[in-house]
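Asks: A single structure is presented below for examination.
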Number of protein chains: 2
Amino acid sequence: MSNYRNNNTQQYAGMFKALSNPNRLQIFLQLTQCCTPGTVCNNKDIEVRYVGDLGADLNVAASTLSHHIKELNRAGLIQIRRSGQNVECWIEPEVLQKLSAFFQAGQEQ
Amino acid sequence: MSNYRNNNTQQYAGMFKALSNPNRLQIFLQLTQCCTPGTVCNNKDIEVRYVGDLGADLNVAASTLSHHIKELNRAGLIQIRRSGQNVECWIEPEVLQKLSAFFQAGQEQ
DNA sequence: TCTGTAATTCGACATATATCGAAGTATAGA
DNA sequence: TCTATACTTCGATATATGTCGAATTACAGA
């Protein structure tokens, strides 16, 4: 047993732990939605959202939201960057590719 | 926001929670390995293992192993069936497809 | 029926986590 | 410099989780 997945068990377990909380999963899913309803999608754009917006329909305290953002970032799932008063969040496409491939690896043989 | 992923947030969060424990993730990964080292793979076979074997290199008590198997099953990630003294475990291929697609959905647009 | 192996259930316990509110920091704008 | 907004940090707390060992159940074989 020694393929790339088994060598990174801790890392993946950390990602899944971050996604195991329904509120965090919602935040993550919002960041995977590439365009706001009614607009045209553009392949090349990476969707960026502000922390505050991500928590808008989540019904948690600001401090809790901040905590969740930090956890997602720590797990390597999202990137964050301050922009004035706001903090921008986004997902690097490689993260989604990596996770998708993780579950495909078992199917291909 | 209303695609198939967002409508099943709880279900997916449950799966990720099950995979968030390193020992459970190891068990899951073992079940995705379709053939034992040195043998020839066969597409058509679903890999089945006994509970005891899955815990062989895990260093947890039998009761803990049993608990983890139950959690994985409860999350819908693995199937179990008693076979004599042993209990067989396996992953339905659709589960892997579903999880892989979950992370692909954000990339395709 | 007895024995041994495989697995589960149960109760206990230490640790981790989700959440909150209060207080603090960072930034923009008047 | 003052104020408002966005976000973070901190401490507290209730709840969930991972783990164990002991006891129990399921089954196979002598």
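Here's how to read the names in the structure tokens: chain A, B, ... by the order shown, residue numbers from 1 in each chain, ligand numbers from 1 in the order shown.
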Got a sec to pull out which chain B residues are within 7 Å of chain A, counting only C-alpha atoms, and send them as a list of chain:residue names?

Replies: B:Thr9, B:Gln10, B:Ala13, B:Gly14, B:Phe16, B:Lys17, B:Leu19, B:Ser20, B:Asn21, B:Pro22, B:Leu25, B:Thr32, B:Gln33, B:Cys41, B:Asn43, B:Pro93, B:Leu96, B:Gln97, B:Leu99, B:Ser100, B:Ala101, B:Phe103, B:Gln104, B:Gly106, B:Gln107, B:Gln109

Asks: As a PyMOL selection string, please: the residues near DT25 (chain D) (cut-off 12 Å, only C-alpha atoms (C1' of nucleotides), same-chain neighbours under 5 positions excluded).

Replies: (chain B and resi 85) or (chain C and resi 6-9)

Asks: Which residues come within 12 Å of region 18-22 of chain C, counting only C-alpha atoms (C1' of nucleotides), excluding same-chain residues fewer than 2 positions away, as a PyMOL selection string?

Replies: (chain A and resi 20-24+59-68+71) or (chain C and resi 16+24) or (chain D and resi 9-16)

Asks: Which of these residues is nearest to chain B, using only C-alpha atoms (C1' of nucleotides): D:DT8, D:DT24, D:DT1, D:DT19?

Replies: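 So, comparing all the options, the nearest one is D:DT19.
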
Asks: Could you tell me how far CA of Leu58 (chain B) lies from C1' of DG11 (chain C), in Å and to one decimal?

Replies: 23.7 Å

Asks: Taking only C-alpha atoms into account, which of A:Tyr50, A:Gly55, A:Ile69, A:Asn8 comes nearest Gly84 (chain A)?

Replies: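 Of all the options, A:Tyr50 lies closest to Gly84 (chain A).
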
Asks: Find the nearest atom pair between each residue of chain D and chain A for residues within 8 Å, count only C-alpha atoms (C1' of nucleotides), give distances in Å to one decimal, sort rows by chain and ascending number, and present the table as a Markdown table.

Replies:
```
| residue | atom | partner | partner_atom | distance |
| --- | --- | --- | --- | --- |
| D:DT5 | C1' | A:Gln85 | CA | 7.6 |
| D:DA6 | C1' | A:Gln85 | CA | 5.4 |
| D:DC7 | C1' | A:Ser66 | CA | 7.3 |
| D:DT8 | C1' | A:Ser66 | CA | 7.0 |
```

Asks: Which of these, C:DT15, C:DA30, C:DT25, C:DC10, has the shortest distance to chain B once you count only C-alpha atoms (C1' of nucleotides)?

Replies: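 For chain B, the nearest of the candidates is C:DC10.
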
Asks: Within region 3-103 of chain B, find each residue whose DSSP state, derived from the backbone, is alpha helix (DSSP H), and express the selection as a VMD selection string.

Replies: chain B and resid 9 to 19 22 to 32 51 to 54 62 to 74 93 to 103

Asks: Work out how far CA of Arg74 (chain A) is from CA of Leu77 (chain B), in Å to one decimal.

Replies: 25.6 Å

Asks: Between CA of Arg49 (chain B) and C1' of DG29 (chain D), what is the distance in Å, rounded to a tenth?

Replies: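 The value is 22.8 Å.
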